[in-house]
Amino acid sequence: MHKLENLHVTEVRPLITPKELKAELPRTEKADRTVFESRQIIEDILTKKDDRLLVITGPCSIHDVDQAVEYATRLKALKDKLEDKLFIVMRVYVDKPRTTVGWRGFIHDPEMKYQSDFNLGLRKTREVMLKINELGVPVATELLDPFVPQYIADLLVWGAIGARTTESQTHRTMASGVSIPVGFKNSTDGNVKVAVDAIIAAQNRHTFLGIDENGQAAMIGTEGNPYGHVILRGGRNGPNYSAQHVQEAARELREAGLNPAIVVDCSHANSNKDFRKQSIAWNEVVTQRLAGDHDLVGVMLESHLNEGAQKIPEDLSQLRYGVSVTDACVSWEVTEQLLQQAHDALSQSVVSR
Ligand SMILES: O=C[C@H](O)[C@H](O)COP(=O)(O)O
Ligand SMILES: C=C(OP(=O)(O)O)C(=O)O
């Protein structure tokens with residue numbers, strides 16, 4: 001007989017189960033309260049019962065627990081100060097989709113050795129998400145690997161399906177079962193229709209293949225997620241955050257019988273991957289809100305302690321503190337300025353719904 005299976009597989013290692021990980025790092029009362037209360041607020045923002053602007057800000061990817069906690073600590077002070085106009089959530093992205101290859105994120109390779117170690121990555125991810133929640137800062141992340149929600153969903157308030165996976169059946173069915181609102185990005189070529197289709201797919205009942213809390217392969221039945229929404233992130237032909245783009249996306253959602261709720265991602269193709277241009281998109285979002293566009297419910301910013309990005313050096317002691325190792329981010333100072341300015345402008349607004 002020929003060898004016909006596992007021809008390209010180099011190893012199969014056992015993975016910690018969701019139940020084991022949660023027993024090691026249980027959700028605390030404080031974290032529980034952060035998650036529970038924040039989810040309710042985000043649902044109210046999406047359904048326009050709460051008029052605040054949802055702000056999802058944080059690193060393109062986290063790569064260090066202490067630096068992520070330092071960012072969260074600073075964010076908490078700002079969150080409390082601006083909470084009458086902005087509802088602030090931290091981007092804690094740990095699972096990175098790559099265009100071709102590259103470091104795949106903290107959950108895969110937390111020590112940046114280019115050797116996947118999900119057991120360590122899941123532990124460290126849960127540890128950092130717990131710490132951030134305990135500070136009173138709610139956590140948002142991209143849902144990429146369909147097993148991952150079983151390990152961390154109880155610490156999340158919002159999820160994104162990325163531009164490279166919005167059209168994927170696996171991701172749409174996973175989104176139909178998660179307990180959080182999910183934003184679907186337009187595709188990398190700028191197509192918004194795929195995100196609208198994804199919301200419809202995820203609103204429905206599905207059965208997909210996943211794991212249960214004991215790590216056993218399982219058929220997971222879902223009832224559908226009512227809180228899908230669109231994230232505009234720009235595309236091959238440029239940005240799509242203008243009033244015309246936002247209104248067009250809202251029209252597509254209405255025509256499909258969906259709630260017109262839109263988040264603008266200031267980064268990626270909306271900044272042409274130039275972190276300095278994120279402020280242009282940010283200011284445009286604020287202008288549209290001031291003009292009375294309440295279908296535009298949220299905004300996302302890629303921001304870190306320090307600006308720019310760095311390649312992961314072979315000698316990790318050469319890493320610059322608080323600088324992104326994936327897409328370039330705005331600095332903490334710029335973040336503070338943009339959030340404060342948005343807050344002040346929205347406070348002076350006389351336009352009501
Ligand atoms: O947000 C991160 C990146 O834009 C995305 O993961 C793709 O990254 P890459 O093109 O550098 O692989
Ligand atoms: C990968 C990301 O975005 P996109 O899917 O829009 O490229 C991201 O937000 O980190």
# chains A, B, ... in the order shown; residues from 1 in each chain; ligands from 1

$ residues_near_ligand --ligand "ligand 2" --cutoff "6 Å" --atoms "only C-alpha atoms and all ligand atoms" --output "number ranges by chain"
A: 60, 97, 162-164, 185, 233, 268

$ residues_around --residues "segment 289-306 of chain A" --least-positions-apart "5" --cutoff "9 Å" --atoms "only C-alpha atoms" --output "PyMOL selection string"
chain A and resi 45-46+48+51-61+67-68+70-71+91+231+243+246-247+250+259-268+275+278-279+282+284+320-324+327-335+345-346+349-353

$ select_by_dssp --residues "segment 105-245 of chain A" --states "strand (DSSP E)" --output "mmCIF file with N, CA and C atoms, in the first residue's frame"
data_model
loop_
_atom_site.group_PDB
_atom_site.id
_atom_site.type_symbol
_atom_site.label_atom_id
_atom_site.label_comp_id
_atom_site.auth_asym_id
_atom_site.auth_seq_id
_atom_site.Cartn_x
_atom_site.Cartn_y
_atom_site.Cartn_z
ATOM 1 N N VAL A 139 -12.707 43.981 25.876
ATOM 2 C CA VAL A 139 -11.765 43.460 24.878
ATOM 3 C C VAL A 139 -12.463 43.091 23.565
ATOM 4 N N ALA A 140 -11.842 43.548 22.453
ATOM 5 C CA ALA A 140 -12.299 43.203 21.104
ATOM 6 C C ALA A 140 -11.194 42.435 20.412
ATOM 7 N N THR A 141 -11.569 41.485 19.562
ATOM 8 C CA THR A 141 -10.525 40.748 18.836
ATOM 9 C C THR A 141 -11.034 40.271 17.494
ATOM 10 N N GLU A 142 -10.105 39.838 16.642
ATOM 11 C CA GLU A 142 -10.514 39.197 15.380
ATOM 12 C C GLU A 142 -10.701 37.709 15.627
ATOM 13 N N TRP A 158 -16.664 41.984 21.666
ATOM 14 C CA TRP A 158 -16.881 42.306 20.261
ATOM 15 C C TRP A 158 -15.870 41.520 19.436
ATOM 16 N N GLY A 159 -16.299 41.047 18.266
ATOM 17 C CA GLY A 159 -15.390 40.321 17.381
ATOM 18 C C GLY A 159 -15.474 40.843 15.965
ATOM 19 N N ALA A 160 -14.366 40.687 15.252
ATOM 20 C CA ALA A 160 -14.361 41.052 13.826
ATOM 21 C C ALA A 160 -14.051 39.811 13.009
ATOM 22 N N ILE A 161 -14.702 39.724 11.870
ATOM 23 C CA ILE A 161 -14.277 38.754 10.861
ATOM 24 C C ILE A 161 -13.532 39.590 9.816
ATOM 25 N N VAL A 182 -20.671 40.812 16.091
ATOM 26 C CA VAL A 182 -19.562 40.564 15.159
ATOM 27 C C VAL A 182 -19.634 41.550 13.993
ATOM 28 N N GLY A 183 -18.515 42.214 13.746
ATOM 29 C CA GLY A 183 -18.407 43.106 12.587
ATOM 30 C C GLY A 183 -17.730 42.362 11.457
ATOM 31 N N PHE A 184 -18.291 42.476 10.257
ATOM 32 C CA PHE A 184 -17.705 41.831 9.083
ATOM 33 C C PHE A 184 -17.054 42.906 8.226
ATOM 34 N N LYS A 185 -15.782 42.713 7.915
ATOM 35 C CA LYS A 185 -15.088 43.685 7.075
ATOM 36 C C LYS A 185 -15.475 43.505 5.616
ATOM 37 N N HIS A 206 -27.169 27.432 12.032
ATOM 38 C CA HIS A 206 -26.195 26.596 11.318
ATOM 39 C C HIS A 206 -25.742 25.460 12.217
ATOM 40 N N THR A 207 -25.089 24.489 11.599
ATOM 41 C CA THR A 207 -24.310 23.502 12.358
ATOM 42 C C THR A 207 -22.924 23.492 11.743
ATOM 43 N N PHE A 208 -21.927 23.676 12.586
ATOM 44 C CA PHE A 208 -20.562 23.616 12.045
ATOM 45 C C PHE A 208 -19.722 22.679 12.896
ATOM 46 N N LEU A 209 -18.556 22.345 12.376
ATOM 47 C CA LEU A 209 -17.675 21.420 13.085
ATOM 48 C C LEU A 209 -16.704 22.213 13.957
ATOM 49 N N GLY A 210 -16.671 21.863 15.230
ATOM 50 C CA GLY A 210 -15.786 22.580 16.147
ATOM 51 C C GLY A 210 -15.374 21.648 17.268
ATOM 52 N N ILE A 211 -15.086 22.230 18.427
ATOM 53 C CA ILE A 211 -14.771 21.399 19.594
ATOM 54 C C ILE A 211 -15.678 21.804 20.751
ATOM 55 N N ALA A 217 -14.032 16.738 19.276
ATOM 56 C CA ALA A 217 -14.609 17.218 18.014
ATOM 57 C C ALA A 217 -16.125 17.114 18.116
ATOM 58 N N ALA A 218 -16.817 18.165 17.645
ATOM 59 C CA ALA A 218 -18.265 18.194 17.866
ATOM 60 C C ALA A 218 -18.993 18.885 16.727
ATOM 61 N N MET A 219 -20.269 18.566 16.601
ATOM 62 C CA MET A 219 -21.150 19.297 15.691
ATOM 63 C C MET A 219 -21.796 20.391 16.537
ATOM 64 N N ILE A 220 -21.522 21.652 16.208
ATOM 65 C CA ILE A 220 -22.030 22.749 17.025
ATOM 66 C C ILE A 220 -23.238 23.364 16.314
ATOM 67 N N GLY A 221 -24.365 23.319 16.967
ATOM 68 C CA GLY A 221 -25.578 23.910 16.399
ATOM 69 C C GLY A 221 -25.731 25.338 16.915
ATOM 70 N N THR A 222 -26.147 26.254 16.046
ATOM 71 C CA THR A 222 -26.269 27.661 16.463
ATOM 72 C C THR A 222 -27.662 28.188 16.134
ATOM 73 N N GLY A 228 -24.805 41.269 13.813
ATOM 74 C CA GLY A 228 -23.806 41.442 12.755
ATOM 75 C C GLY A 228 -23.855 42.871 12.231
ATOM 76 N N HIS A 229 -22.721 43.388 11.818
ATOM 77 C CA HIS A 229 -22.679 44.730 11.223
ATOM 78 C C HIS A 229 -21.496 44.812 10.264
ATOM 79 N N VAL A 230 -21.435 45.915 9.519
ATOM 80 C CA VAL A 230 -20.401 46.059 8.494
ATOM 81 C C VAL A 230 -19.243 46.908 9.027
ATOM 82 N N ILE A 231 -18.025 46.511 8.667
ATOM 83 C CA ILE A 231 -16.854 47.368 8.933
ATOM 84 C C ILE A 231 -16.258 47.772 7.577
ATOM 85 N N LEU A 232 -16.201 49.075 7.348
ATOM 86 C CA LEU A 232 -15.598 49.584 6.116
ATOM 87 C C LEU A 232 -14.111 49.795 6.367
#

$ residues_around --residues "Leu122 of chain A" --least-positions-apart "4" --cutoff "7 Å" --atoms "only C-alpha atoms" --output "VMD selection string"
chain A and resid 107 118 126

$ closest_residue --among "A:Thr10, A:Thr99, A:Asn283, A:Asn191" --to "ligand 1" --atoms "only C-alpha atoms and all ligand atoms"
A:Thr99

$ closest_residue --among "A:Glu223, A:Glu83, A:Asp274, A:Glu43" --to "ligand 1" --atoms "only C-alpha atoms and all ligand atoms"
A:Asp274

$ closest_residue --among "A:Gly215, A:Pro313, A:Pro226, A:Gly235" --to "ligand 1" --atoms "only C-alpha atoms and all ligand atoms"
A:Gly235

$ decode --residues "segment 46-71 of chain A" --atoms "N, CA and C atoms" --output "tab-separated table (two decimals), in the first residue's frame"
chain	number	residue	atom	x	y	z
A	46	LEU	N	-25.36	49.39	18.69
A	46	LEU	CA	-25.66	48.84	17.36
A	46	LEU	C	-27.13	49.00	16.99
A	47	THR	N	-27.99	48.91	17.99
A	47	THR	CA	-29.43	49.05	17.70
A	47	THR	C	-29.90	50.49	17.93
A	48	LYS	N	-28.94	51.37	18.17
A	48	LYS	CA	-29.18	52.82	18.26
A	48	LYS	C	-30.04	53.24	19.45
A	49	LYS	N	-29.99	52.44	20.50
A	49	LYS	CA	-30.66	52.85	21.74
A	49	LYS	C	-29.69	53.69	22.56
A	50	ASP	N	-28.40	53.53	22.30
A	50	ASP	CA	-27.36	54.30	22.98
A	50	ASP	C	-26.64	55.08	21.89
A	51	ASP	N	-26.60	56.39	22.03
A	51	ASP	CA	-26.13	57.26	20.96
A	51	ASP	C	-24.61	57.49	20.99
A	52	ARG	N	-23.91	56.82	21.89
A	52	ARG	CA	-22.47	57.06	21.94
A	52	ARG	C	-21.77	56.42	20.74
A	53	LEU	N	-20.58	56.93	20.43
A	53	LEU	CA	-19.78	56.36	19.35
A	53	LEU	C	-18.93	55.22	19.93
A	54	LEU	N	-19.04	54.04	19.32
A	54	LEU	CA	-18.20	52.91	19.74
A	54	LEU	C	-16.79	53.12	19.18
A	55	VAL	N	-15.81	53.09	20.06
A	55	VAL	CA	-14.41	53.29	19.63
A	55	VAL	C	-13.63	52.02	19.96
A	56	ILE	N	-13.06	51.40	18.92
A	56	ILE	CA	-12.25	50.19	19.13
A	56	ILE	C	-10.81	50.58	18.82
A	57	THR	N	-10.02	50.70	19.85
A	57	THR	CA	-8.65	51.19	19.66
A	57	THR	C	-7.64	50.30	20.35
A	58	GLY	N	-6.48	50.16	19.72
A	58	GLY	CA	-5.43	49.34	20.31
A	58	GLY	C	-4.49	48.88	19.22
A	59	PRO	N	-3.48	48.13	19.62
A	59	PRO	CA	-2.46	47.70	18.67
A	59	PRO	C	-3.02	46.86	17.52
A	60	CYS	N	-2.31	46.89	16.41
A	60	CYS	CA	-2.66	46.01	15.29
A	60	CYS	C	-2.60	44.58	15.80
A	61	SER	N	-1.57	44.28	16.61
A	61	SER	CA	-1.49	42.97	17.28
A	61	SER	C	-0.77	43.20	18.59
A	62	ILE	N	-1.13	42.44	19.60
A	62	ILE	CA	-0.35	42.55	20.84
A	62	ILE	C	0.76	41.50	20.80
A	63	HIS	N	1.91	41.80	21.42
A	63	HIS	CA	2.99	40.81	21.43
A	63	HIS	C	3.65	40.70	22.80
A	64	ASP	N	3.12	41.44	23.78
A	64	ASP	CA	3.75	41.47	25.10
A	64	ASP	C	2.68	41.79	26.14
A	65	VAL	N	2.60	40.96	27.19
A	65	VAL	CA	1.54	41.14	28.19
A	65	VAL	C	1.67	42.49	28.89
A	66	ASP	N	2.86	42.82	29.35
A	66	ASP	CA	3.03	44.07	30.13
A	66	ASP	C	2.70	45.30	29.31
A	67	GLN	N	3.13	45.29	28.05
A	67	GLN	CA	2.86	46.46	27.20
A	67	GLN	C	1.36	46.59	26.91
A	68	ALA	N	0.70	45.45	26.74
A	68	ALA	CA	-0.75	45.49	26.50
A	68	ALA	C	-1.46	46.01	27.75
A	69	VAL	N	-1.00	45.58	28.91
A	69	VAL	CA	-1.63	46.04	30.16
A	69	VAL	C	-1.33	47.53	30.39
A	70	GLU	N	-0.14	47.96	30.02
A	70	GLU	CA	0.17	49.40	30.16
A	70	GLU	C	-0.77	50.22	29.25
A	71	TYR	N	-0.98	49.75	28.03
A	71	TYR	CA	-1.90	50.44	27.11
A	71	TYR	C	-3.30	50.47	27.73
